[in-house]
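Novice: See upload25.tsv below, with TSV, C-alpha atoms and all ligand atoms.
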chain	number	residue	atom	x	y	z
A	1	MET	CA	28.97	17.06	57.03
A	2	ALA	CA	25.35	16.02	57.19
A	3	THR	CA	24.64	12.35	56.46
A	4	LYS	CA	23.20	11.63	53.02
A	5	THR	CA	19.85	9.81	53.15
A	6	ALA	CA	19.00	7.14	50.57
A	7	THR	CA	15.93	7.97	48.48
A	8	VAL	CA	12.83	5.80	48.59
A	9	GLU	CA	13.63	4.64	45.06
A	10	GLU	CA	17.13	3.56	46.12
A	11	LEU	CA	15.73	1.67	49.10
A	12	VAL	CA	13.12	-0.07	46.93
A	13	ALA	CA	15.80	-1.07	44.42
A	14	GLN	CA	18.08	-2.48	47.16
A	15	ALA	CA	15.27	-4.35	48.89
A	16	SER	CA	14.02	-5.77	45.56
A	17	GLU	CA	17.47	-7.13	44.80
A	18	VAL	CA	17.64	-8.85	48.19
A	19	PHE	CA	14.09	-10.16	47.69
A	20	GLU	CA	14.96	-11.76	44.37
A	21	LYS	CA	18.00	-13.47	45.88
A	22	GLN	CA	16.07	-14.73	48.89
A	23	PHE	CA	12.75	-15.75	47.32
A	24	LYS	CA	13.83	-16.41	43.71
A	25	CYS	CA	11.17	-14.14	42.17
A	26	LYS	CA	10.46	-10.42	41.82
A	27	PRO	CA	8.45	-8.52	44.44
A	28	THR	CA	5.10	-7.20	43.23
A	29	LEU	CA	4.15	-4.83	46.06
A	30	ALA	CA	5.92	-2.12	48.02
A	31	SER	CA	5.16	0.41	50.75
A	32	CYS	CA	6.99	2.88	52.94
A	33	GLY	CA	6.52	4.48	56.37
A	34	PRO	CA	8.72	7.38	57.51
A	35	GLY	CA	10.38	8.11	60.84
A	36	ARG	CA	9.41	11.34	62.58
A	37	VAL	CA	10.93	14.19	64.47
A	38	ASN	CA	8.84	15.98	67.04
A	39	LEU	CA	9.41	19.75	66.87
A	40	ILE	CA	7.73	20.37	70.24
A	41	GLY	CA	5.18	18.73	72.57
A	42	GLU	CA	7.10	15.99	74.35
A	43	HIS	CA	5.49	13.50	76.72
A	44	THR	CA	2.17	15.20	76.09
A	45	ASP	CA	0.49	12.67	73.75
A	46	TYR	CA	-0.38	10.17	76.49
A	47	ASN	CA	-1.75	13.10	78.50
A	48	ASP	CA	-4.29	13.92	75.74
A	49	GLY	CA	-2.26	17.04	74.90
A	50	PHE	CA	-0.85	18.60	71.72
A	51	VAL	CA	2.20	17.37	69.79
A	52	PHE	CA	3.82	19.00	66.77
A	53	PRO	CA	5.86	16.48	64.76
A	54	MET	CA	6.78	16.18	61.08
A	55	ALA	CA	7.57	13.13	58.97
A	56	LEU	CA	11.23	12.60	58.07
A	57	PRO	CA	12.78	11.82	54.70
A	58	GLN	CA	14.29	8.78	56.46
A	59	THR	CA	11.89	5.93	55.82
A	60	THR	CA	11.27	2.20	56.12
A	61	VAL	CA	10.44	0.30	52.96
A	62	MET	CA	8.78	-3.10	52.64
A	63	VAL	CA	8.75	-4.95	49.33
A	64	GLY	CA	7.10	-8.30	48.85
A	65	LYS	CA	4.62	-10.63	47.25
A	66	PRO	CA	1.42	-12.34	48.44
A	67	THR	CA	1.59	-16.14	48.85
A	68	GLU	CA	-0.93	-18.97	49.27
A	69	SER	CA	1.01	-20.89	51.94
A	70	GLY	CA	-0.49	-19.20	55.03
A	71	ILE	CA	3.10	-18.62	56.21
A	72	CYS	CA	4.65	-15.14	56.29
A	73	ARG	CA	8.39	-15.04	55.57
A	74	VAL	CA	10.17	-11.80	56.36
A	75	LEU	CA	13.80	-10.77	56.02
A	76	THR	CA	15.26	-7.49	57.32
A	77	CYS	CA	18.29	-5.77	55.83
A	78	ALA	CA	18.83	-3.73	59.04
A	79	LYS	CA	22.35	-4.17	60.39
A	80	ASN	CA	22.05	-3.14	64.02
A	81	VAL	CA	19.17	-5.37	65.08
A	82	GLU	CA	19.42	-8.69	66.85
A	83	ASP	CA	19.68	-11.95	64.86
A	84	PRO	CA	18.09	-13.81	63.21
A	85	LYS	CA	17.34	-11.42	60.36
A	86	TYR	CA	14.88	-13.89	58.81
A	87	VAL	CA	11.63	-15.06	60.44
A	88	GLU	CA	8.63	-17.16	59.53
A	89	PHE	CA	5.22	-17.13	61.21
A	90	SER	CA	1.70	-18.32	60.39
A	91	ILE	CA	-1.22	-16.02	59.65
A	92	PRO	CA	-2.97	-15.92	63.05
A	93	THR	CA	-6.28	-17.68	63.71
A	94	PRO	CA	-8.42	-17.59	66.91
A	95	ASP	CA	-6.87	-20.95	67.92
A	96	ASN	CA	-3.38	-19.98	66.93
A	97	PRO	CA	-2.82	-16.29	67.79
A	98	LEU	CA	0.49	-14.54	67.23
A	99	THR	CA	2.61	-13.76	70.26
A	100	ALA	CA	5.73	-11.70	70.81
A	101	SER	CA	9.02	-13.59	70.73
A	102	LYS	CA	12.60	-13.09	69.61
A	103	PRO	CA	13.98	-11.44	67.52
A	104	ALA	CA	12.59	-8.13	68.76
A	105	TRP	CA	12.49	-6.39	65.35
A	106	ALA	CA	9.99	-8.94	64.02
A	107	ASN	CA	7.52	-8.17	66.81
A	108	TYR	CA	6.58	-4.88	65.13
A	109	VAL	CA	5.65	-6.77	61.97
A	110	LYS	CA	3.82	-9.52	63.87
A	111	GLY	CA	2.05	-6.98	66.06
A	112	VAL	CA	0.67	-5.22	63.00
A	113	VAL	CA	-0.39	-8.50	61.39
A	114	ALA	CA	-2.16	-9.40	64.66
A	115	ASN	CA	-3.94	-6.01	64.83
A	116	PHE	CA	-4.70	-5.56	61.14
A	117	ILE	CA	-8.32	-4.59	60.46
A	118	GLY	CA	-9.60	-6.66	57.56
A	119	SER	CA	-8.75	-9.96	55.92
A	120	LEU	CA	-5.15	-11.12	55.86
A	121	LYS	CA	-3.15	-13.01	53.33
A	122	SER	CA	0.28	-14.53	53.79
A	123	PHE	CA	3.27	-12.88	52.13
A	124	ASP	CA	7.03	-12.90	51.59
A	125	ALA	CA	8.72	-9.59	52.31
A	126	VAL	CA	12.02	-7.77	52.67
A	127	ILE	CA	12.43	-4.73	54.92
A	128	ILE	CA	15.02	-2.01	54.53
A	129	SER	CA	15.25	1.32	56.34
A	130	SER	CA	17.09	4.62	56.43
A	131	VAL	CA	15.59	5.52	59.83
A	132	PRO	CA	18.29	5.35	62.52
A	133	VAL	CA	17.37	2.58	64.98
A	134	GLY	CA	17.32	3.61	68.65
A	135	GLY	CA	17.67	7.30	67.73
A	136	GLY	CA	14.33	8.40	69.16
A	137	VAL	CA	12.98	9.16	65.68
A	138	SER	CA	10.43	6.35	65.62
A	139	SER	CA	12.08	3.56	63.72
A	140	SER	CA	9.51	1.28	65.35
A	141	ALA	CA	6.47	3.28	64.19
A	142	ALA	CA	8.02	3.52	60.71
A	143	LEU	CA	8.19	-0.29	60.54
A	144	GLU	CA	4.66	-0.72	61.92
A	145	VAL	CA	3.20	1.79	59.49
A	146	ALA	CA	5.15	0.43	56.49
A	147	THR	CA	3.85	-3.05	57.37
A	148	TYR	CA	0.26	-1.85	57.76
A	149	THR	CA	0.41	-0.01	54.43
A	150	PHE	CA	1.89	-3.09	52.77
A	151	LEU	CA	-0.89	-5.34	54.14
A	152	ASP	CA	-3.53	-2.87	52.98
A	153	GLN	CA	-2.74	-3.87	49.41
A	154	LEU	CA	-3.65	-7.49	50.15
A	155	ASN	CA	-6.98	-6.58	51.78
A	156	PRO	CA	-9.88	-6.89	49.34
A	157	ASN	CA	-12.14	-4.81	51.65
A	158	GLY	CA	-10.07	-1.68	51.01
A	159	PRO	CA	-8.26	0.52	53.52
A	160	VAL	CA	-9.69	1.78	56.82
A	161	SER	CA	-9.23	5.39	58.01
A	162	LEU	CA	-5.73	6.63	58.81
A	163	THR	CA	-6.76	7.18	62.44
A	164	LYS	CA	-7.88	3.55	62.79
A	165	LYS	CA	-4.59	2.43	61.25
A	166	ALA	CA	-2.62	4.60	63.67
A	167	LEU	CA	-4.52	3.11	66.62
A	168	ALA	CA	-3.93	-0.44	65.33
A	169	CYS	CA	-0.18	0.23	64.97
A	170	GLN	CA	-0.07	1.78	68.46
A	171	LYS	CA	-1.76	-1.34	69.86
A	172	ALA	CA	0.84	-3.47	68.07
A	173	GLU	CA	3.55	-1.55	69.92
A	174	HIS	CA	1.74	-1.85	73.28
A	175	ASP	CA	1.09	-5.58	72.97
A	176	PHE	CA	4.08	-6.85	71.01
A	177	ALA	CA	6.89	-4.49	72.10
A	178	ASN	CA	5.57	-3.88	75.60
A	179	MET	CA	5.94	-0.13	75.13
A	180	PRO	CA	2.95	1.90	76.38
A	181	CYS	CA	3.53	4.67	73.83
A	182	GLY	CA	1.15	7.50	72.95
A	183	ILE	CA	-0.32	7.99	69.47
A	184	MET	CA	2.10	10.61	68.07
A	185	ASP	CA	4.59	8.42	66.20
A	186	GLN	CA	2.15	6.20	64.32
A	187	PHE	CA	-0.13	9.17	63.56
A	188	ILE	CA	2.55	11.35	61.96
A	189	SER	CA	4.15	8.42	60.12
A	190	LEU	CA	0.78	7.87	58.44
A	191	MET	CA	-0.34	11.49	58.03
A	192	GLY	CA	2.83	13.50	57.43
A	193	LYS	CA	2.79	15.90	54.45
A	194	LYS	CA	5.72	17.21	52.48
A	195	GLY	CA	6.51	20.82	53.47
A	196	HIS	CA	4.40	20.69	56.65
A	197	ALA	CA	4.49	19.93	60.34
A	198	LEU	CA	1.31	18.54	61.93
A	199	LEU	CA	-0.30	19.87	65.09
A	200	ILE	CA	-2.09	16.86	66.57
A	201	ASP	CA	-4.66	17.16	69.32
A	202	CYS	CA	-4.20	13.79	71.02
A	203	ARG	CA	-7.55	14.15	72.84
A	204	SER	CA	-9.79	14.54	69.79
A	205	LEU	CA	-7.29	13.06	67.28
A	206	GLU	CA	-7.94	16.06	65.06
A	207	SER	CA	-4.93	17.59	63.39
A	208	ARG	CA	-3.85	20.73	61.53
A	209	LEU	CA	-1.12	20.95	58.90
A	210	VAL	CA	1.20	23.93	59.35
A	211	PRO	CA	3.45	24.89	56.41
A	212	LEU	CA	7.18	24.59	57.01
A	213	LYS	CA	8.70	25.22	53.62
A	214	ASP	CA	10.58	28.51	53.89
A	215	PRO	CA	13.67	27.87	51.74
A	216	ASN	CA	15.82	29.86	54.20
A	217	VAL	CA	14.90	27.75	57.23
A	218	VAL	CA	16.12	24.24	57.97
A	219	VAL	CA	15.27	21.47	60.44
A	220	MET	CA	18.42	19.68	61.53
A	221	VAL	CA	18.36	16.44	63.52
A	222	THR	CA	21.49	15.63	65.49
A	223	ASN	CA	21.87	12.07	66.74
A	224	SER	CA	23.85	11.92	69.99
A	225	ASN	CA	24.43	8.23	69.19
A	226	VAL	CA	23.88	7.38	72.84
A	227	ARG	CA	20.97	5.47	74.30
A	228	HIS	CA	20.80	5.05	78.05
A	229	THR	CA	19.20	1.87	79.30
A	230	LEU	CA	16.80	3.81	81.53
A	231	THR	CA	14.40	4.26	78.58
A	232	GLY	CA	12.71	0.92	79.13
A	233	SER	CA	11.56	1.52	82.69
A	234	GLU	CA	11.32	5.30	82.89
A	235	TYR	CA	8.76	5.84	80.14
A	236	PRO	CA	6.04	3.62	81.66
A	237	SER	CA	6.70	5.05	85.11
A	238	ARG	CA	6.35	8.66	83.83
A	239	ARG	CA	3.11	7.70	82.14
A	240	LYS	CA	1.75	6.08	85.34
A	241	HIS	CA	2.67	9.14	87.40
A	242	CYS	CA	0.77	11.39	85.01
A	243	GLU	CA	-2.32	9.17	85.19
A	244	LYS	CA	-2.12	9.11	88.98
A	245	ALA	CA	-1.78	12.91	89.08
A	246	ALA	CA	-4.85	13.36	86.88
A	247	GLU	CA	-6.81	11.01	89.12
A	248	ILE	CA	-5.85	12.97	92.25
A	249	LEU	CA	-6.86	16.20	90.51
A	250	GLY	CA	-10.20	14.61	89.57
A	251	LYS	CA	-9.50	15.05	85.84
A	252	LYS	CA	-9.70	12.61	82.95
A	253	SER	CA	-6.16	13.56	81.94
A	254	LEU	CA	-3.58	16.27	82.63
A	255	ARG	CA	-4.86	18.01	79.47
A	256	GLU	CA	-7.88	19.08	81.54
A	257	ALA	CA	-5.77	20.48	84.40
A	258	THR	CA	-4.45	24.01	84.91
A	259	MET	CA	-1.62	25.17	87.17
A	260	ALA	CA	-4.35	26.74	89.38
A	261	ASP	CA	-5.92	23.28	89.86
A	262	VAL	CA	-2.53	21.91	90.82
A	263	GLU	CA	-1.99	24.75	93.29
A	264	ALA	CA	-5.27	23.85	95.01
A	265	PHE	CA	-4.13	20.22	95.46
A	266	LYS	CA	-0.47	20.96	96.06
A	267	ASP	CA	-0.32	19.18	99.43
A	268	GLU	CA	-1.30	15.92	97.74
A	269	PHE	CA	1.91	15.84	95.67
A	270	ASP	CA	5.58	15.60	96.50
A	271	GLU	CA	8.05	17.99	94.92
A	272	GLU	CA	9.02	15.56	92.13
A	273	MET	CA	5.40	14.93	91.18
A	274	LEU	CA	4.75	18.68	91.06
A	275	ARG	CA	7.61	19.12	88.61
A	276	ARG	CA	6.34	16.28	86.39
A	277	ILE	CA	2.86	17.82	86.28
A	278	ARG	CA	4.27	21.28	85.61
A	279	HIS	CA	6.17	19.97	82.60
A	280	VAL	CA	3.06	18.43	81.05
A	281	ILE	CA	0.77	21.42	81.62
A	282	THR	CA	3.28	24.00	80.39
A	283	GLU	CA	4.43	21.84	77.46
A	284	ILE	CA	0.87	21.51	76.17
A	285	GLN	CA	0.57	25.33	76.23
A	286	ARG	CA	3.95	25.80	74.55
A	287	THR	CA	3.05	23.40	71.77
A	288	GLU	CA	-0.10	25.28	70.77
A	289	GLN	CA	1.77	28.59	70.96
A	290	ALA	CA	4.63	27.19	68.89
A	291	ALA	CA	2.33	25.99	66.11
A	292	ASN	CA	0.77	29.45	65.97
A	293	ALA	CA	4.21	31.08	65.93
A	294	LEU	CA	5.32	28.90	63.04
A	295	GLU	CA	2.16	29.68	61.14
A	296	ALA	CA	2.92	33.39	61.61
A	297	GLY	CA	6.53	32.87	60.44
A	298	ASP	CA	7.82	33.91	63.88
A	299	TYR	CA	10.87	31.62	64.04
A	300	ASN	CA	12.40	33.50	66.97
A	301	LYS	CA	9.38	32.82	69.13
A	302	PHE	CA	9.24	29.21	67.94
A	303	GLY	CA	12.92	28.75	68.81
A	304	LYS	CA	12.47	30.27	72.25
A	305	LEU	CA	9.64	27.84	72.98
A	306	MET	CA	11.85	24.93	71.82
A	307	VAL	CA	14.51	25.87	74.34
A	308	GLU	CA	11.92	26.29	77.11
A	309	SER	CA	10.63	22.84	76.22
A	310	HIS	CA	14.12	21.37	76.48
A	311	ASN	CA	14.74	22.99	79.85
A	312	SER	CA	11.44	21.69	81.16
A	313	LEU	CA	12.23	18.15	79.95
A	314	ARG	CA	15.66	18.41	81.55
A	315	ASP	CA	14.70	19.93	84.90
A	316	ASP	CA	11.05	19.04	85.52
A	317	TYR	CA	10.40	15.86	83.59
A	318	GLU	CA	14.00	14.61	83.92
A	319	VAL	CA	14.18	12.68	80.66
A	320	SER	CA	17.20	14.41	79.11
A	321	CYS	CA	20.82	13.39	79.62
A	322	SER	CA	24.19	15.15	79.60
A	323	GLU	CA	24.83	14.32	75.91
A	324	LEU	CA	21.53	15.86	74.75
A	325	ASP	CA	22.07	18.90	76.98
A	326	GLU	CA	25.54	19.38	75.50
A	327	LEU	CA	24.17	19.24	71.94
A	328	VAL	CA	21.47	21.81	72.73
A	329	VAL	CA	23.90	24.21	74.44
A	330	ALA	CA	26.34	23.93	71.53
A	331	ALA	CA	23.62	24.55	68.93
A	332	MET	CA	22.33	27.61	70.78
A	333	GLU	CA	25.82	29.18	70.70
A	334	VAL	CA	25.64	29.51	66.92
A	335	GLU	CA	24.31	32.68	65.32
A	336	GLY	CA	21.39	31.86	63.06
A	337	VAL	CA	20.05	29.05	65.28
A	338	TYR	CA	16.48	29.81	66.38
A	339	GLY	CA	16.03	26.94	68.82
A	340	SER	CA	17.10	23.44	69.77
A	341	ARG	CA	15.77	20.70	72.03
A	342	MET	CA	15.84	16.98	72.73
A	343	THR	CA	13.21	15.11	70.75
A	344	GLY	CA	11.38	11.84	71.39
A	345	GLY	CA	11.24	9.86	74.60
A	346	GLY	CA	14.66	11.02	75.87
A	347	PHE	CA	17.63	9.44	77.71
A	348	GLY	CA	19.62	9.66	74.49
A	349	GLY	CA	18.69	9.73	70.84
A	350	CYS	CA	18.41	12.98	68.94
A	351	THR	CA	18.03	16.73	69.26
A	352	VAL	CA	16.08	18.83	66.78
A	353	THR	CA	17.33	22.29	65.79
A	354	LEU	CA	15.58	25.00	63.78
A	355	LEU	CA	18.07	27.27	62.07
A	356	LYS	CA	18.77	29.53	59.11
A	357	LYS	CA	19.94	27.64	56.05
A	358	SER	CA	22.93	29.96	55.89
A	359	ALA	CA	24.01	28.83	59.40
A	360	VAL	CA	24.04	25.06	58.76
A	361	ASP	CA	27.74	24.60	57.99
A	362	LYS	CA	28.79	26.79	60.89
A	363	ALA	CA	26.44	24.95	63.26
A	364	ILE	CA	27.72	21.53	62.21
A	365	LYS	CA	31.36	22.57	62.71
A	366	HIS	CA	30.66	24.18	66.08
A	367	ILE	CA	28.64	21.24	67.45
A	368	GLN	CA	31.30	18.79	66.23
A	369	ASN	CA	33.95	20.74	68.14
A	370	ARG	CA	31.91	21.07	71.31
A	371	TYR	CA	30.29	17.62	71.64
A	372	SER	CA	32.24	15.08	73.67
A	373	GLY	CA	30.71	12.14	71.77
A	374	LYS	CA	30.42	11.21	68.10
A	375	GLU	CA	27.29	12.77	66.63
A	376	THR	CA	25.54	12.39	63.26
A	377	PHE	CA	23.70	15.21	61.47
A	378	TYR	CA	20.64	14.96	59.24
A	379	ILE	CA	19.09	17.85	57.31
A	380	CYS	CA	15.41	17.01	57.25
A	381	PRO	CA	12.85	18.64	54.97
A	382	PRO	CA	9.34	17.73	56.23
A	383	SER	CA	8.27	14.74	54.15
A	384	ASP	CA	5.23	12.71	53.14
A	385	GLY	CA	3.72	10.04	55.35
A	386	ALA	CA	3.26	6.37	54.50
A	387	ARG	CA	2.32	5.38	51.00
A	388	ILE	CA	2.01	2.49	48.59
A	389	ILE	CA	4.79	2.43	46.01
A	390	ALA	CA	3.98	1.17	42.54
A	391	LEU	CA	6.57	-1.33	41.28
B	401	LIG	C1	7.96	8.12	72.43
B	401	LIG	C2	6.51	7.62	72.32
B	401	LIG	C3	5.58	8.76	71.93
B	401	LIG	C4	5.75	9.97	72.83
B	401	LIG	C5	7.23	10.34	72.95
B	401	LIG	C6	7.47	11.45	73.95
B	401	LIG	O1	8.42	8.48	71.17
B	401	LIG	O2	6.42	6.59	71.35
B	401	LIG	O3	4.24	8.30	71.95
B	401	LIG	O4	5.18	9.77	74.08
B	401	LIG	O5	8.03	9.23	73.32
B	401	LIG	O6	6.90	12.62	73.51
Rewrite the structure of this file - the entire thing - as structure tokens.
Specialist:
Amino acid sequence: MATKTATVEELVAQASEVFEKQFKCKPTLASCGPGRVNLIGEHTDYNDGFVFPMALPQTTVMVGKPTESGICRVLTCAKNVEDPKYVEFSIPTPDNPLTASKPAWANYVKGVVANFIGSLKSFDAVIISSVPVGGGVSSSAALEVATYTFLDQLNPNGPVSLTKKALACQKAEHDFANMPCGIMDQFISLMGKKGHALLIDCRSLESRLVPLKDPNVVVMVTNSNVRHTLTGSEYPSRRKHCEKAAEILGKKSLREATMADVEAFKDEFDEEMLRRIRHVITEIQRTEQAANALEAGDYNKFGKLMVESHNSLRDDYEVSCSELDELVVAAMEVEGVYGSRMTGGGFGGCTVTLLKKSAVDKAIKHIQNRYSGKETFYICPPSDGARIIAL
């Protein structure tokens, strides 16, 4: 069976109860920021390419209240994060800037406070989330974006543009979590729209909503529940290789390069580098084609591109793992499945599968039987991005 996801209202109610216990008063403000699943366009955002994610119904909620103390006090209800679950820190000043420290979960909050555009006020807050942590569905961006949206309510100057917020949250992740991520996760968590996926051009930061609300078609996320430790070192090294490749090709980014350009410089690259570049160039093409296919209602073509994307991530970019490959193979054996692929950074986490609604039960049973690990299923209608919640 697919896992049931708590509604935003349920999360707000739970967090408010915890808040009252902890801070002995009722929260006055609330916000939420969703996780995301990327349908196609993997490891293309930091190459100025296209990505095609959608916001998930799984979301992170922050409830709280402004204070006059200058001290921020934050408690998380998340179970699988390192202790302590409660932190305090001062509103930063030029003489007393915020820095990353333990526990790791709090760095996303601190990073956003440090990069917030506008005037800051101290606050007490409780965080709760239905986004699986470590599942490659952007639990970190969800927390950053929920925090930013929460802080917006305390800023008398009014909110800045969603793009500026996304860039501030991305910087928080770079500086406070030491993760040189692209812009996809923060962008979609802020700009997701119910019933739509979003084609984002990571070069111009322009985006196009594409409807995904056919009642007979479902997006299913399958969590492999494995996370290989490689993630930490492999992501930055992939990113560096791409930047180096663009430099050798004399391009600003791999977005500007074609396979013909690569052919002309082929002696400059070893075989591994050639495969990395090929993934990025072909994935950018596939992503644009996939968005057009979805717009035309051509699910078969979309599914085919998803599988090609997975194979390229597995063979050329080498960021998949045996568990994700197993889940994709099993999903593709089921009639009514259009396509399936790993999603997110890789080395564990989730797959995303596009399938007929009528095939969901069969697919879940089949994958359960075939997968050697213990998976979790989520049925995910495309959902709204971050928002303020009136209490
Ligand atoms: C992580 C990063 C994103 C993106 C994906 C891979 O989720 O945060 O910016 O690069 O990996 O597509």
Novice: 6 Å from ligand LIG 401 (chain B) is the threshold here; counting only C-alpha atoms and all ligand atoms, which polymer residues fall inside it? Answer as a list in words.
Specialist: Glu42, His43, Thr44, Asp45, Cys181, Gly182, Ile183, Met184, Asp185, Gly344 and Gly345 of chain A
Novice: Emit the selected residues as an mmCIF file, in the frame of the given file, including C-alpha atoms.
Specialist:
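Writing the result to selection30.cif gives the following:
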data_model
loop_
_atom_site.group_PDB
_atom_site.id
_atom_site.type_symbol
_atom_site.label_atom_id
_atom_site.label_comp_id
_atom_site.auth_asym_id
_atom_site.auth_seq_id
_atom_site.Cartn_x
_atom_site.Cartn_y
_atom_site.Cartn_z
ATOM 1 C CA GLU A 42 7.100 15.990 74.350
ATOM 2 C CA HIS A 43 5.490 13.500 76.720
ATOM 3 C CA THR A 44 2.170 15.200 76.090
ATOM 4 C CA ASP A 45 0.490 12.670 73.750
ATOM 5 C CA CYS A 181 3.530 4.670 73.830
ATOM 6 C CA GLY A 182 1.150 7.500 72.950
ATOM 7 C CA ILE A 183 -0.320 7.990 69.470
ATOM 8 C CA MET A 184 2.100 10.610 68.070
ATOM 9 C CA ASP A 185 4.590 8.420 66.200
ATOM 10 C CA GLY A 344 11.380 11.840 71.390
ATOM 11 C CA GLY A 345 11.240 9.860 74.600
#
Novice: At a cut-off of 12 Å around the point (7.3, 32.1, 65.6) (file coordinates), what residues fall inside when counting only C-alpha atoms? I'd like the answer as a PyMOL selection string.
Specialist: chain A and resi 210+212+286-306+338-339+354
Novice: Nearest residue to A:Lys121 out of A:Thr67, A:Ser224, A:Gln170, A:Asn96, using only C-alpha atoms?
Specialist: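 Ranked by minimum distance to A:Lys121, first place goes to A:Thr67.
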Novice: Mind checking which residues fall within 7 Å of stretch 76-93 of chain A, counting only C-alpha atoms, ignoring those fewer than 4 positions away in the same chain, and posting them as an NGL selection string?
Specialist: :A and (70-72 or 97-98 or 103 or 105 or 114 or 122 or 126-129)
Novice: Please identify all polymer residues within 7 Å of stretch 315-326 of chain A, counting all atoms listed in the file, omitting same-chain residues fewer than 5 positions from it, and present them as a ChimeraX atom specification.
Specialist: /A:224,275-276,279,342,346-348,351,371
Novice: For the residues in that selection, give me C-alpha atoms as an mmCIF file, in the frame of the given file.
Specialist:
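See part-v8.cif below for the written result:
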data_model
loop_
_atom_site.group_PDB
_atom_site.id
_atom_site.type_symbol
_atom_site.label_atom_id
_atom_site.label_comp_id
_atom_site.auth_asym_id
_atom_site.auth_seq_id
_atom_site.Cartn_x
_atom_site.Cartn_y
_atom_site.Cartn_z
ATOM 1 C CA SER A 224 23.850 11.920 69.990
ATOM 2 C CA ARG A 275 7.610 19.120 88.610
ATOM 3 C CA ARG A 276 6.340 16.280 86.390
ATOM 4 C CA HIS A 279 6.170 19.970 82.600
ATOM 5 C CA MET A 342 15.840 16.980 72.730
ATOM 6 C CA GLY A 346 14.660 11.020 75.870
ATOM 7 C CA PHE A 347 17.630 9.440 77.710
ATOM 8 C CA GLY A 348 19.620 9.660 74.490
ATOM 9 C CA THR A 351 18.030 16.730 69.260
ATOM 10 C CA TYR A 371 30.290 17.620 71.640
#
Novice: Which residue out of A:Gln186, A:Ser101, A:Asn107, A:Asn157 has the minimum interatomic distance to A:Val145 when all atoms listed in the file are used?
Specialist: A:Gln186
Novice: I'd like to know which of A:Val219, A:Ala2, A:Leu120, A:Ala125 is closest to A:Ala30, using only C-alpha atoms.
Specialist: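 Looking only at the distances to A:Ala30, the closest residue turns out to be A:Ala125.
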Novice: Take atom CA of A:Ser372 and atom CA of A:Gln58 and report the distance between them in Å, one decimal.
Specialist: 25.7 Å
Novice: Could you name the residues that touch A:Val18 at 12 Å or less, counting all atoms listed in the file, but leaving out those on the same chain fewer than 3 positions away, as a ChimeraX atom specification?
Specialist: /A:11-15,21-27,62-64,74-77,124-128
Novice: Using atom CA of A:Gly158 and atom CA of A:Phe123 as the two end points, give the distance in Å to one decimal.
Specialist: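 Pair atom CA of A:Gly158 / atom CA of A:Phe123 returns 17.5 Å.
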